[in-house]
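Novice: What follows is a single structure, and I will ask about it in a moment.
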Amino acid sequence: MQFTLNGATVSVDVVGTRRLLDVLREDLRVTGAKEGCGEGECGACSVLIDGAVVNSCLVAVGQIGGCSVVTVEGLALQDGKPSPLQQAFIERGAAQCGICTPGMLLAAHALLNANPRPTEDEVRVGLAGNLCRCTGYTKIIDAVLACRM
Amino acid sequence: MPDVTYLRPRDVAHAVRLCEGTPDARPLGGGTDLMVMLHAGTVRPRALVDLWSLAELKGIRRVDGGVEIGAAEPYTGIIGSALVAEYCPALVAASRTIGAAQIQNRGTLGGNLANASPAGDTLPVLLAADAIVVTDRRAIPIVDFFTAYRQTALALGELIVAVRLPASARGVRFRKVGTRAAQAISKVVVAVNREPARIAFGSVAEVPLRARSAEASLARGDVQGAVAAVAADTRPIDDVRSTAEYRRTVAQNVLRDLLRD
């Protein structure tokens, strides 16, 4: 089966009921999406499928044939520099251990695409599916708010 | 774990044939429940029949005085729908309380119904709204749908294609009580309607249920009697999320609140 991963077409020959998360990490060696809980609670495995943020631990890879998948590896600008959102995370220290960061970035990216000027409450709701167990939420929210259009 | 076969039907008729003709096949929607169970090994199907992309199961449309929601339409579609906001604002409110963006982008009404968890957040709303569960072969009144703990009236291979809400769904009101706003499995879910008198609960029995004696009191205009009757209508338990006593008390308090204004 084929899908688009971070802009490039990829083909994989895998059982369609395997989790997208495992195919990304183990078969394609794209390891930005992390496994936290494995049951859709923590958001560490967040990816974008056709622009919508989803937990890749809950997606059967067969379901994404023909879809466009974006992981944190696909967020940087074309010249390889961090995106404005990534730069804001760096400048504001919006990462502690870093496990939740890829998912936070993707959820924030999807939120800003849908709503370029979110309020703080809207940012909190938009990131509610991403748990940071270092509990560094304040700087993460500040970083997203700094990227409002 | 042996490989589970992935089957992608062309349309609903094909999906029904695959579900009927494949031993131990399970329909797959957005995967927010089934993929968890599959990975944990608590279900061991031999095949998954993927309904997620079937166009027949998507969309929200007006139908004879009410609204019909495709079984595989994700909650995000319900939350953004002007039609659902018009015909059943309580369903929009309930959909917003489910998980967070990641789950709302994949979770579906068809999945919430088929999974039949007593804590399913939309199910009391659908009960209070007198929803009709439309399958590939018949229309099932929601009150007949939940038959036992995680059991439904669906026959082998029978697939939910849509949920229909009548005009009376507009009056339904909803409240969920959980540990926190997002990512919380409910301790108590309450949905009420005045006309006709409907009182439905989640997480207070082995199935989502209508509180029949409370409804009878409400139909007579006896709000206090309705609140009191909840104690006999519900069968809450102690578990990891809450206690029976808490659930009964909160169910009554929330019901009183919802009926006050």
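How things are named: the first chain in the structure tokens is A, the next is B, and so on; residues count from 1 in each chain; ligands count from 1 in the order shown.
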Pick out the residues sitting within 9 Å of B:Gly66, and hand them over as a list in words; count only C-alpha atoms, and ignore anything fewer than 4 positions along from it in its own chain.
Specialist: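 Close residues of B:Gly66: Arg61, Arg62, Tyr87, Arg164, Leu165, Pro166, Ala167, Ser168 and Ala169 of chain B.
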Novice: Skipping near chain neighbours, those fewer than 2 positions away, what residues fall within 10 Å of B:Thr76 using only C-alpha atoms, listed as a PyMOL selection string?
Specialist: (chain A and resi 52) or (chain B and resi 73-74+78-81+92+95-96+100-108)
Novice: Would you write out those residues with C-alpha atoms, as a PDB file, in the first residue's frame?
Specialist:
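Result file is part21.pdb:
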```
ATOM      1  CA  ALA A  52      -6.385  16.263  11.091  1.00  0.00           C
TER       2      ALA A  52
ATOM      3  CA  GLU B  73     -19.061  10.624  10.616  1.00  0.00           C
ATOM      4  CA  PRO B  74     -16.473  11.673  13.214  1.00  0.00           C
ATOM      5  CA  ILE B  78     -20.922  16.671  14.445  1.00  0.00           C
ATOM      6  CA  ILE B  79     -19.336  19.487  16.474  1.00  0.00           C
ATOM      7  CA  GLY B  80     -19.023  21.632  13.335  1.00  0.00           C
ATOM      8  CA  SER B  81     -22.464  20.846  11.942  1.00  0.00           C
ATOM      9  CA  VAL B  92     -22.799  18.765  20.002  1.00  0.00           C
ATOM     10  CA  SER B  95     -19.336  15.274  21.360  1.00  0.00           C
ATOM     11  CA  ARG B  96     -17.144  18.083  22.697  1.00  0.00           C
ATOM     12  CA  ALA B 100      -9.908  15.690  22.818  1.00  0.00           C
ATOM     13  CA  ALA B 101      -9.132  16.674  19.204  1.00  0.00           C
ATOM     14  CA  GLN B 102      -7.356  13.393  18.377  1.00  0.00           C
ATOM     15  CA  ILE B 103     -10.310  11.269  19.494  1.00  0.00           C
ATOM     16  CA  GLN B 104     -12.946  13.643  18.111  1.00  0.00           C
ATOM     17  CA  ASN B 105     -11.289  13.377  14.685  1.00  0.00           C
ATOM     18  CA  ARG B 106     -11.702   9.571  14.656  1.00  0.00           C
ATOM     19  CA  GLY B 107     -14.477   8.595  17.061  1.00  0.00           C
ATOM     20  CA  THR B 108     -17.956   8.038  15.601  1.00  0.00           C
TER      21      THR B 108
END
```
Novice: Could you list, as a PDB file with C-alpha atoms, in the first residue's frame, every residue of chain B that has an atom within 12 Å of an atom of chain A, counting only C-alpha atoms?
Specialist:
```pdb
ATOM      1  CA  MET B   1      -0.208 -12.447  18.298  1.00  0.00           C
ATOM      2  CA  PRO B   2      -1.366 -13.965  14.983  1.00  0.00           C
ATOM      3  CA  ASP B   3      -1.935 -11.513  12.148  1.00  0.00           C
ATOM      4  CA  VAL B   4      -5.371 -10.004  11.919  1.00  0.00           C
ATOM      5  CA  THR B   5      -6.505  -9.662   8.304  1.00  0.00           C
ATOM      6  CA  TYR B   6      -7.438  -6.185   7.054  1.00  0.00           C
ATOM      7  CA  LEU B   7     -10.441  -6.068   4.729  1.00  0.00           C
ATOM      8  CA  ARG B   8     -11.521  -2.936   2.881  1.00  0.00           C
ATOM      9  CA  PRO B   9     -15.035  -3.256   1.456  1.00  0.00           C
ATOM     10  CA  ARG B  26     -15.140  -7.230  13.520  1.00  0.00           C
ATOM     11  CA  PRO B  27     -16.168  -3.959  11.866  1.00  0.00           C
ATOM     12  CA  LEU B  28     -13.622  -1.149  12.333  1.00  0.00           C
ATOM     13  CA  GLY B  29     -14.548   2.546  12.376  1.00  0.00           C
ATOM     14  CA  GLY B  30     -12.181   5.188  13.707  1.00  0.00           C
ATOM     15  CA  GLY B  31     -10.467   2.621  15.928  1.00  0.00           C
ATOM     16  CA  THR B  32     -10.608   4.665  19.131  1.00  0.00           C
ATOM     17  CA  ASP B  33     -11.949   1.684  21.102  1.00  0.00           C
ATOM     18  CA  LEU B  34     -11.231  -1.350  18.933  1.00  0.00           C
ATOM     19  CA  MET B  35      -7.549  -0.599  18.245  1.00  0.00           C
ATOM     20  CA  VAL B  36      -6.951  -0.278  21.998  1.00  0.00           C
ATOM     21  CA  MET B  37      -8.601  -3.635  22.667  1.00  0.00           C
ATOM     22  CA  LEU B  38      -6.821  -5.281  19.746  1.00  0.00           C
ATOM     23  CA  HIS B  39      -3.417  -4.112  20.930  1.00  0.00           C
ATOM     24  CA  ALA B  40      -4.146  -5.109  24.540  1.00  0.00           C
ATOM     25  CA  PRO B  45     -10.733 -11.118  15.911  1.00  0.00           C
ATOM     26  CA  ARG B  46      -9.343 -12.824  12.828  1.00  0.00           C
ATOM     27  CA  ALA B  47     -10.223  -9.937  10.534  1.00  0.00           C
ATOM     28  CA  LEU B  48     -11.181  -6.267  10.667  1.00  0.00           C
ATOM     29  CA  VAL B  49     -13.633  -4.916   8.099  1.00  0.00           C
ATOM     30  CA  ASP B  50     -12.781  -1.232   7.652  1.00  0.00           C
ATOM     31  CA  LEU B  51     -15.855   0.980   7.441  1.00  0.00           C
ATOM     32  CA  TRP B  52     -14.048   4.274   7.999  1.00  0.00           C
ATOM     33  CA  SER B  53     -13.838   5.404   4.387  1.00  0.00           C
ATOM     34  CA  LEU B  54     -17.264   4.316   3.161  1.00  0.00           C
ATOM     35  CA  PRO B  74     -16.473  11.673  13.214  1.00  0.00           C
ATOM     36  CA  THR B  76     -15.497  16.714  14.691  1.00  0.00           C
ATOM     37  CA  GLY B  77     -18.085  16.704  11.894  1.00  0.00           C
ATOM     38  CA  GLY B  80     -19.023  21.632  13.335  1.00  0.00           C
ATOM     39  CA  ARG B  96     -17.144  18.083  22.697  1.00  0.00           C
ATOM     40  CA  THR B  97     -16.614  16.170  25.953  1.00  0.00           C
ATOM     41  CA  ILE B  98     -15.242  13.077  24.219  1.00  0.00           C
ATOM     42  CA  GLY B  99     -11.467  12.715  24.586  1.00  0.00           C
ATOM     43  CA  ALA B 100      -9.908  15.690  22.818  1.00  0.00           C
ATOM     44  CA  ALA B 101      -9.132  16.674  19.204  1.00  0.00           C
ATOM     45  CA  GLN B 102      -7.356  13.393  18.377  1.00  0.00           C
ATOM     46  CA  ILE B 103     -10.310  11.269  19.494  1.00  0.00           C
ATOM     47  CA  GLN B 104     -12.946  13.643  18.111  1.00  0.00           C
ATOM     48  CA  ASN B 105     -11.289  13.377  14.685  1.00  0.00           C
ATOM     49  CA  ARG B 106     -11.702   9.571  14.656  1.00  0.00           C
ATOM     50  CA  GLY B 107     -14.477   8.595  17.061  1.00  0.00           C
ATOM     51  CA  ARG B 180     -11.399  16.551  34.417  1.00  0.00           C
ATOM     52  CA  ALA B 181     -12.754  18.282  31.328  1.00  0.00           C
ATOM     53  CA  ALA B 182     -10.750  16.417  28.659  1.00  0.00           C
ATOM     54  CA  GLN B 183      -9.647  12.805  28.262  1.00  0.00           C
ATOM     55  CA  ALA B 184     -11.899  11.620  31.102  1.00  0.00           C
ATOM     56  CA  ILE B 185     -14.143   8.580  31.162  1.00  0.00           C
TER      57      ILE B 185
END
```
Novice: Write out as a PyMOL selection string the set of residues from chain A that DSSP, computed on the backbone, places in helix (DSSP H, G or I).
Specialist: chain A and resi 20-27+56-58+61-64+72-74+84-91+101-114+120-126+137-145
Novice: Can you list, as a ChimeraX atom specification, every protein, DNA or RNA residue that comes within 8 Å of A:Val72 when you count only C-alpha atoms, leaving out same-chain residues fewer than 6 positions away?
Specialist: /A:32-33,47,102-103,105-106
Novice: Save out the residues we just selected, C-alpha atoms, as a PDB file, in the first residue's frame.
Specialist:
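Listing of result-v1.pdb after writing:
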```pdb
ATOM      1  CA  GLY A  32       9.200  11.353  15.848  1.00  0.00           C
ATOM      2  CA  ALA A  33       5.861   9.914  16.959  1.00  0.00           C
ATOM      3  CA  VAL A  47       0.366  12.679  13.632  1.00  0.00           C
ATOM      4  CA  PRO A 102       6.298  16.118  18.788  1.00  0.00           C
ATOM      5  CA  GLY A 103       2.629  15.510  19.604  1.00  0.00           C
ATOM      6  CA  LEU A 105       3.726  20.527  17.992  1.00  0.00           C
ATOM      7  CA  LEU A 106       1.392  18.605  15.676  1.00  0.00           C
TER       8      LEU A 106
END
```
Novice: Looking at A:Val30, A:Val69, A:Ala108, A:Leu21, which one is nearest to A:Ala8, with distances taken over only C-alpha atoms?
Specialist: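 Result for the nearest residue to A:Ala8: A:Val69.
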Novice: At what distance in Å, to one decimal, does atom CA of B:Ala15 lie from atom CA of B:Pro124?
Specialist: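 If I compute the distance from atom CA of B:Pro124 to atom CA of B:Ala15, I get 28.2 Å.
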Novice: In Å, rounded to a single decimal, give me how far atom CA of B:Arg235 is from atom CA of B:Asp130.
Specialist: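 Pair atom CA of B:Asp130 / atom CA of B:Arg235 returns 21.8 Å.
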Novice: Write out as a PyMOL selection string the residues lying within 9 Å of A:Gly93, counting only C-alpha atoms and excluding same-chain residues fewer than 3 positions away.
Specialist: chain A and resi 88-90+96+139-140+143
Novice: Hey, what's within 9 Å of B:Leu258 if we count only C-alpha atoms and toss same-chain stuff fewer than 4 positions away? As a PyMOL selection string, please?
Specialist: chain B and resi 173-175+190-192+253-254
Novice: List the neighbours of stretch 248-251 of chain B out to 8 Å using only C-alpha atoms; skip same-chain residues closer than 5 positions along the sequence, and give me the result as a compact mmCIF listing (two decimals) with N, CA and C atoms, in the first residue's frame.
Specialist:
```txt
# COMPACT_ATOMS: atom_id res chain seq x y z
N VAL B 188 -20.57 9.96 35.70
CA VAL B 188 -22.03 10.02 35.54
C VAL B 188 -22.30 10.85 34.29
N VAL B 189 -23.22 10.39 33.44
CA VAL B 189 -23.71 11.20 32.33
C VAL B 189 -25.22 11.29 32.47
N VAL B 190 -25.76 12.49 32.30
CA VAL B 190 -27.20 12.69 32.43
C VAL B 190 -27.71 13.41 31.18
N PHE B 201 -29.38 8.00 31.64
CA PHE B 201 -28.11 8.06 32.37
C PHE B 201 -27.07 7.16 31.73
N VAL B 204 -24.21 4.54 35.32
CA VAL B 204 -24.89 4.22 36.58
C VAL B 204 -25.54 2.84 36.54
N VAL B 230 -34.80 8.24 40.91
CA VAL B 230 -33.52 7.84 40.29
C VAL B 230 -32.83 6.75 41.11
N ALA B 231 -32.99 6.83 42.43
CA ALA B 231 -32.34 5.85 43.30
C ALA B 231 -32.75 4.43 42.94
N THR B 234 -31.62 3.27 38.98
CA THR B 234 -30.23 3.08 38.59
C THR B 234 -29.59 1.96 39.41
N PRO B 236 -25.86 1.67 40.14
CA PRO B 236 -24.43 2.01 40.06
C PRO B 236 -23.56 1.04 40.87
```
Novice: Near stretch 140-145 of chain B, within 12 Å and counting only C-alpha atoms, which residues show up once chain neighbours fewer than 4 positions away are dropped, as an MDAnalysis selection string?
Specialist: chainID B and resid 113:116 122:136 149:155 158:166 198:200 207:212
Novice: Could you write out that same residue set with C-alpha atoms as a PDB file, in the first residue's frame?
Specialist:
```pdb
ATOM      1  CA  LEU B 113     -23.225   2.559  19.791  1.00  0.00           C
ATOM      2  CA  ALA B 114     -21.606  -0.704  18.698  1.00  0.00           C
ATOM      3  CA  ASN B 115     -19.046  -0.598  21.507  1.00  0.00           C
ATOM      4  CA  ALA B 116     -22.014  -0.120  23.877  1.00  0.00           C
ATOM      5  CA  THR B 122     -23.273  10.216  23.511  1.00  0.00           C
ATOM      6  CA  LEU B 123     -25.523   7.315  24.454  1.00  0.00           C
ATOM      7  CA  PRO B 124     -27.691   9.000  27.134  1.00  0.00           C
ATOM      8  CA  VAL B 125     -28.259  11.889  24.697  1.00  0.00           C
ATOM      9  CA  LEU B 126     -29.369   9.451  22.006  1.00  0.00           C
ATOM     10  CA  LEU B 127     -31.683   7.739  24.530  1.00  0.00           C
ATOM     11  CA  ALA B 128     -33.232  11.042  25.671  1.00  0.00           C
ATOM     12  CA  ALA B 129     -33.624  12.050  22.019  1.00  0.00           C
ATOM     13  CA  ASP B 130     -35.509   8.868  21.015  1.00  0.00           C
ATOM     14  CA  ALA B 131     -32.882   8.252  18.339  1.00  0.00           C
ATOM     15  CA  ILE B 132     -33.358   5.554  15.721  1.00  0.00           C
ATOM     16  CA  VAL B 133     -30.387   3.334  14.936  1.00  0.00           C
ATOM     17  CA  VAL B 134     -30.548   2.672  11.210  1.00  0.00           C
ATOM     18  CA  THR B 135     -28.761  -0.496  10.124  1.00  0.00           C
ATOM     19  CA  ASP B 136     -28.232  -2.086   6.744  1.00  0.00           C
ATOM     20  CA  TYR B 149     -23.389  -5.231  29.431  1.00  0.00           C
ATOM     21  CA  ARG B 150     -21.686  -4.290  26.137  1.00  0.00           C
ATOM     22  CA  GLN B 151     -24.321  -6.263  24.212  1.00  0.00           C
ATOM     23  CA  THR B 152     -26.559  -4.802  21.527  1.00  0.00           C
ATOM     24  CA  ALA B 153     -29.553  -5.827  19.436  1.00  0.00           C
ATOM     25  CA  LEU B 154     -27.344  -6.051  16.325  1.00  0.00           C
ATOM     26  CA  ALA B 155     -27.356  -9.434  14.584  1.00  0.00           C
ATOM     27  CA  GLU B 158     -25.522  -6.287  10.895  1.00  0.00           C
ATOM     28  CA  LEU B 159     -23.940  -2.854  10.463  1.00  0.00           C
ATOM     29  CA  ILE B 160     -25.059   0.520  11.763  1.00  0.00           C
ATOM     30  CA  VAL B 161     -25.294   2.933   8.839  1.00  0.00           C
ATOM     31  CA  ALA B 162     -26.785   6.047  10.468  1.00  0.00           C
ATOM     32  CA  VAL B 163     -28.435   7.544  13.518  1.00  0.00           C
ATOM     33  CA  ARG B 164     -31.686   9.448  13.068  1.00  0.00           C
ATOM     34  CA  LEU B 165     -32.837  12.124  15.509  1.00  0.00           C
ATOM     35  CA  PRO B 166     -36.461  13.287  15.539  1.00  0.00           C
ATOM     36  CA  ARG B 198     -37.103  11.462  29.008  1.00  0.00           C
ATOM     37  CA  ILE B 199     -34.386  10.911  31.607  1.00  0.00           C
ATOM     38  CA  ALA B 200     -31.336   8.907  30.574  1.00  0.00           C
ATOM     39  CA  VAL B 207     -25.999  -0.374  30.208  1.00  0.00           C
ATOM     40  CA  PRO B 208     -26.843   3.223  29.274  1.00  0.00           C
ATOM     41  CA  LEU B 209     -30.444   3.413  30.479  1.00  0.00           C
ATOM     42  CA  ARG B 210     -33.657   5.374  30.668  1.00  0.00           C
ATOM     43  CA  ALA B 211     -34.949   5.945  34.190  1.00  0.00           C
ATOM     44  CA  ARG B 212     -38.554   4.864  33.670  1.00  0.00           C
TER      45      ARG B 212
END
```
Novice: Apply DSSP to the structure's backbone, then extract all residues of chain A labelled strand (DSSP E) and return them as a PyMOL selection string.
Specialist: chain A and resi 2-5+8-11+46-49+52-55+68-70
Novice: Any chance you could export the current selection's C-alpha atoms as a compact mmCIF listing (two decimals), in the first residue's frame?
Specialist:
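Dumped everything to result.txt:
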```
# COMPACT_ATOMS: atom_id res chain seq x y z
CA GLN A 2 1.01 3.60 -0.60
CA PHE A 3 0.62 6.83 1.28
CA THR A 4 2.33 10.18 1.45
CA LEU A 5 4.66 10.69 4.41
CA ALA A 8 7.08 11.92 -0.17
CA THR A 9 5.26 8.85 -1.49
CA VAL A 10 6.08 5.72 0.48
CA SER A 11 5.16 2.09 -0.20
CA SER A 46 0.00 12.31 17.40
CA VAL A 47 0.37 12.68 13.63
CA LEU A 48 -1.64 14.56 11.04
CA ILE A 49 -3.72 12.54 8.59
CA ALA A 52 -6.38 16.26 11.09
CA VAL A 53 -4.51 15.45 14.29
CA VAL A 54 -4.99 11.80 15.34
CA ASN A 55 -3.36 9.26 17.62
CA SER A 68 -1.18 12.29 3.51
CA VAL A 69 0.57 11.70 6.84
CA VAL A 70 2.69 14.36 8.55
```
Novice: Expressed in Å to a single decimal, how great is the separation between atom CA of B:Gly70 and atom CA of B:Leu91?
Specialist: 13.9 Å
